[in-house]
Amino acid sequence: MLLHERFMDLALREAGMAVTSGDVPVGAVAVIGDEIIARAHNMREALNDPTAHAEVLVIRESALKLGRWRLHDLTLYVTIEPCAMCAGAIVLARLPRVVFGAKDPKAGGCGSVFQILQESRLNHRVEILAGIKEAECRRVLQEFFESRRKVCHP
């Protein structure tokens, strides 16, 4: 469990970097064993790209670094439950495992709204470990959205 918490701390650090460009603070870290392969944070605002979620960016970087698209030995750590798009990318990249912090009751693709990672009609299923450093992950998101509401409605 300590290893999961260590990598989630790194994902939380990445999430903090997203805020500087006005992005929702989501961070992700890709790991094989105990080696970090890639790190990323949301960059939709910075890149004007609706697909620039932390999970997609870290999957792309991992594939480039490893020289292959099948990421069958990679564990993805992400601060919030991946959305449907990211869950689809995780399945297509053949990741065996996703570890996330906070659930996303509005858009979660790993059990909260959809269950894409365990969908029996797809050709790959992904192990899910949820709730690692959940309170910290949720707090980062809540603080971000509270600060946005204060700016919009002082």
# chains A, B, ... in the order shown; residues from 1 in each chain; ligands from 1
>>> closest_atom_pairs(of="range 1-120 of chain A", to="range 138-149 of chain A", cutoff="10 Å", atoms="only C-alpha atoms", output="JSON lines")
{"residue": "A:Leu12", "atom": "CA", "partner": "A:Val140", "partner_atom": "CA", "distance": 8.2}
{"residue": "A:Ala15", "atom": "CA", "partner": "A:Val140", "partner_atom": "CA", "distance": 8.1}
{"residue": "A:Gly16", "atom": "CA", "partner": "A:Val140", "partner_atom": "CA", "distance": 8.0}
{"residue": "A:Val19", "atom": "CA", "partner": "A:Phe144", "partner_atom": "CA", "distance": 7.8}
{"residue": "A:Gly22", "atom": "CA", "partner": "A:Phe144", "partner_atom": "CA", "distance": 9.3}
{"residue": "A:Asp23", "atom": "CA", "partner": "A:Phe144", "partner_atom": "CA", "distance": 9.2}
{"residue": "A:Val24", "atom": "CA", "partner": "A:Phe144", "partner_atom": "CA", "distance": 7.2}
{"residue": "A:Pro25", "atom": "CA", "partner": "A:Leu141", "partner_atom": "CA", "distance": 6.2}
{"residue": "A:Val26", "atom": "CA", "partner": "A:Leu141", "partner_atom": "CA", "distance": 7.9}
{"residue": "A:Thr79", "atom": "CA", "partner": "A:Arg138", "partner_atom": "CA", "distance": 8.2}
{"residue": "A:Ile80", "atom": "CA", "partner": "A:Arg138", "partner_atom": "CA", "distance": 7.8}
{"residue": "A:Gly101", "atom": "CA", "partner": "A:Arg138", "partner_atom": "CA", "distance": 7.6}
{"residue": "A:Ala102", "atom": "CA", "partner": "A:Arg138", "partner_atom": "CA", "distance": 5.5}
{"residue": "A:Lys103", "atom": "CA", "partner": "A:Arg138", "partner_atom": "CA", "distance": 8.2}
{"residue": "A:Asp104", "atom": "CA", "partner": "A:Arg138", "partner_atom": "CA", "distance": 9.3}
>>> write_last_selection(atoms="all heavy atoms", output="short mmCIF file (atom, residue, chain, number, x, y, z; two decimals), in the first residue's frame")
data_model
loop_
_atom_site.label_atom_id
_atom_site.label_comp_id
_atom_site.auth_asym_id
_atom_site.auth_seq_id
_atom_site.Cartn_x
_atom_site.Cartn_y
_atom_site.Cartn_z
N LEU A 12 -0.53 13.56 -7.49
CA LEU A 12 -1.05 14.79 -6.88
C LEU A 12 -0.16 15.99 -7.18
O LEU A 12 -0.66 17.09 -7.43
CB LEU A 12 -1.20 14.61 -5.36
CG LEU A 12 -2.45 13.85 -4.92
CD1 LEU A 12 -2.30 13.35 -3.50
CD2 LEU A 12 -3.67 14.75 -5.06
N ALA A 15 -1.02 17.02 -10.57
CA ALA A 15 -2.32 17.71 -10.57
C ALA A 15 -2.14 19.19 -10.23
O ALA A 15 -2.76 20.06 -10.85
CB ALA A 15 -3.27 17.04 -9.58
N GLY A 16 -1.28 19.47 -9.28
CA GLY A 16 -1.02 20.87 -8.90
C GLY A 16 -0.46 21.68 -10.04
O GLY A 16 -0.72 22.89 -10.15
N VAL A 19 -3.08 23.45 -12.50
CA VAL A 19 -3.76 24.67 -12.07
C VAL A 19 -3.11 25.92 -12.65
O VAL A 19 -3.80 26.88 -12.98
CB VAL A 19 -3.79 24.74 -10.52
CG1 VAL A 19 -4.42 26.04 -10.04
CG2 VAL A 19 -4.56 23.55 -9.97
N GLY A 22 -4.79 26.92 -15.65
CA GLY A 22 -6.24 27.00 -15.56
C GLY A 22 -6.95 25.69 -15.81
O GLY A 22 -8.16 25.65 -15.97
N ASP A 23 -6.19 24.58 -15.84
CA ASP A 23 -6.78 23.27 -16.07
C ASP A 23 -7.27 22.64 -14.78
O ASP A 23 -6.75 22.94 -13.70
CB ASP A 23 -5.77 22.33 -16.72
CG ASP A 23 -5.79 22.43 -18.23
OD1 ASP A 23 -6.80 22.03 -18.82
OD2 ASP A 23 -4.79 22.89 -18.80
N VAL A 24 -8.24 21.77 -14.90
CA VAL A 24 -8.72 21.00 -13.77
C VAL A 24 -7.55 20.17 -13.25
O VAL A 24 -6.85 19.53 -14.03
CB VAL A 24 -9.89 20.07 -14.19
CG1 VAL A 24 -10.32 19.19 -13.04
CG2 VAL A 24 -11.06 20.91 -14.71
N PRO A 25 -7.30 20.22 -11.93
CA PRO A 25 -6.11 19.56 -11.37
C PRO A 25 -6.23 18.04 -11.31
O PRO A 25 -6.64 17.46 -10.30
CB PRO A 25 -6.00 20.17 -9.98
CG PRO A 25 -7.40 20.54 -9.63
CD PRO A 25 -8.06 20.94 -10.91
N VAL A 26 -5.88 17.41 -12.41
CA VAL A 26 -5.81 15.95 -12.48
C VAL A 26 -4.38 15.61 -12.88
O VAL A 26 -3.84 16.19 -13.83
CB VAL A 26 -6.81 15.38 -13.50
CG1 VAL A 26 -6.66 13.86 -13.62
CG2 VAL A 26 -8.24 15.75 -13.11
N THR A 79 -5.33 10.78 -10.17
CA THR A 79 -5.93 11.37 -8.98
C THR A 79 -7.45 11.25 -8.95
O THR A 79 -8.05 11.31 -7.87
CB THR A 79 -5.52 12.84 -8.82
OG1 THR A 79 -5.85 13.56 -10.02
CG2 THR A 79 -4.04 12.95 -8.54
N ILE A 80 -8.09 11.12 -10.10
CA ILE A 80 -9.54 10.97 -10.15
C ILE A 80 -9.88 9.81 -11.08
O ILE A 80 -9.11 9.48 -11.98
CB ILE A 80 -10.23 12.27 -10.61
CG1 ILE A 80 -11.75 12.19 -10.41
CG2 ILE A 80 -9.88 12.59 -12.04
CD1 ILE A 80 -12.47 13.53 -10.59
N GLY A 101 -7.56 7.85 -7.13
CA GLY A 101 -7.89 8.42 -5.83
C GLY A 101 -9.38 8.60 -5.63
O GLY A 101 -10.05 7.76 -5.05
N ALA A 102 -9.92 9.70 -6.15
CA ALA A 102 -11.32 10.06 -5.92
C ALA A 102 -12.22 9.52 -7.02
O ALA A 102 -11.85 9.51 -8.19
CB ALA A 102 -11.45 11.58 -5.84
N LYS A 103 -13.41 9.10 -6.62
CA LYS A 103 -14.42 8.70 -7.61
C LYS A 103 -14.97 9.95 -8.28
O LYS A 103 -14.91 11.04 -7.72
CB LYS A 103 -15.54 7.93 -6.93
CG LYS A 103 -15.11 6.57 -6.44
CD LYS A 103 -16.29 5.78 -5.91
CE LYS A 103 -15.79 4.45 -5.39
NZ LYS A 103 -16.23 3.35 -6.18
N ASP A 104 -15.51 9.76 -9.49
CA ASP A 104 -16.13 10.86 -10.23
C ASP A 104 -17.59 10.50 -10.51
O ASP A 104 -17.89 9.87 -11.51
CB ASP A 104 -15.38 11.13 -11.54
CG ASP A 104 -15.90 12.33 -12.28
OD1 ASP A 104 -16.96 12.87 -11.89
OD2 ASP A 104 -15.26 12.74 -13.26
#
>>> select_by_dssp(residues="chain A", states="helix (DSSP H, G or I)", output="ChimeraX atom specification")
/A:2-19,44-47,54-66,84-92,134-152
>>> residues_around(residues="His4 in chain A", least_positions_apart="3", cutoff="9 Å", atoms="only C-alpha atoms", output="PyMOL selection string")
chain A and resi 1+7-9+77+99+132-133
>>> write_last_selection(atoms="N, CA, C and O atoms", output="short mmCIF file (atom, residue, chain, number, x, y, z; two decimals), in the first residue's frame")
data_model
loop_
_atom_site.label_atom_id
_atom_site.label_comp_id
_atom_site.auth_asym_id
_atom_site.auth_seq_id
_atom_site.Cartn_x
_atom_site.Cartn_y
_atom_site.Cartn_z
N MET A 1 0.82 -1.20 0.00
CA MET A 1 0.00 0.00 0.00
C MET A 1 0.87 1.26 0.00
O MET A 1 0.50 2.24 -0.61
N PHE A 7 3.26 6.71 -5.32
CA PHE A 7 2.98 7.10 -6.70
C PHE A 7 1.78 8.04 -6.79
O PHE A 7 1.75 8.93 -7.64
N MET A 8 0.80 7.89 -5.90
CA MET A 8 -0.33 8.81 -5.90
C MET A 8 0.12 10.20 -5.45
O MET A 8 -0.39 11.21 -5.96
N ASP A 9 1.08 10.27 -4.56
CA ASP A 9 1.65 11.58 -4.18
C ASP A 9 2.25 12.27 -5.40
O ASP A 9 2.11 13.48 -5.58
N TYR A 77 -1.50 5.46 -12.37
CA TYR A 77 -1.98 6.12 -11.16
C TYR A 77 -2.58 7.45 -11.58
O TYR A 77 -1.93 8.22 -12.30
N VAL A 99 -4.96 2.62 -10.81
CA VAL A 99 -5.10 2.98 -9.41
C VAL A 99 -5.53 4.45 -9.38
O VAL A 99 -4.84 5.30 -9.93
N ILE A 132 -7.16 5.34 -3.23
CA ILE A 132 -5.82 5.61 -2.70
C ILE A 132 -5.66 7.13 -2.54
O ILE A 132 -5.81 7.88 -3.50
N LYS A 133 -5.43 7.55 -1.30
CA LYS A 133 -5.31 8.97 -0.96
C LYS A 133 -6.55 9.74 -1.44
O LYS A 133 -6.47 10.86 -1.94
#
>>> residues_around(residues="Ile116 in chain A", least_positions_apart="6", cutoff="10 Å", atoms="only C-alpha atoms", output="list of chain:residue names")
A:Pro82, A:Cys83, A:Ala84, A:Met85, A:Cys86, A:Ala87, A:Gly88, A:Ile90, A:Val91, A:Gly108, A:Gly109, A:Cys110, A:Leu122, A:His124, A:Arg125, A:Val126
>>> closest_residue(among="A:Leu64, A:Met43, A:Cys137, A:Ala30", to="Leu95 in chain A", atoms="only C-alpha atoms")
A:Ala30
>>> atom_distance(atom1="CA of Ala38 in chain A", atom2="CA of Glu136 in chain A")
21.6 Å
>>> atom_distance(atom1="CA of Arg97 in chain A", atom2="CA of Gly27 in chain A")
16.3 Å
>>> select_by_dssp(residues="range 12-135 of chain A", states="strand (DSSP E or B)", output="count of residues only")
33
>>> closest_residue(among="A:Ala11, A:Val58, A:Val29, A:Ala18", to="Asn42 in chain A", atoms="only C-alpha atoms")
A:Ala18
>>> residues_around(residues="Glu127 in chain A", least_positions_apart="5", cutoff="8 Å", atoms="only C-alpha atoms", output="list of chain:residue names")
A:Pro96, A:Arg97, A:Val98, A:Leu117, A:Gln118
>>> atom_distance(atom1="CA of Asn48 in chain A", atom2="CA of Ala130 in chain A")
29.5 Å
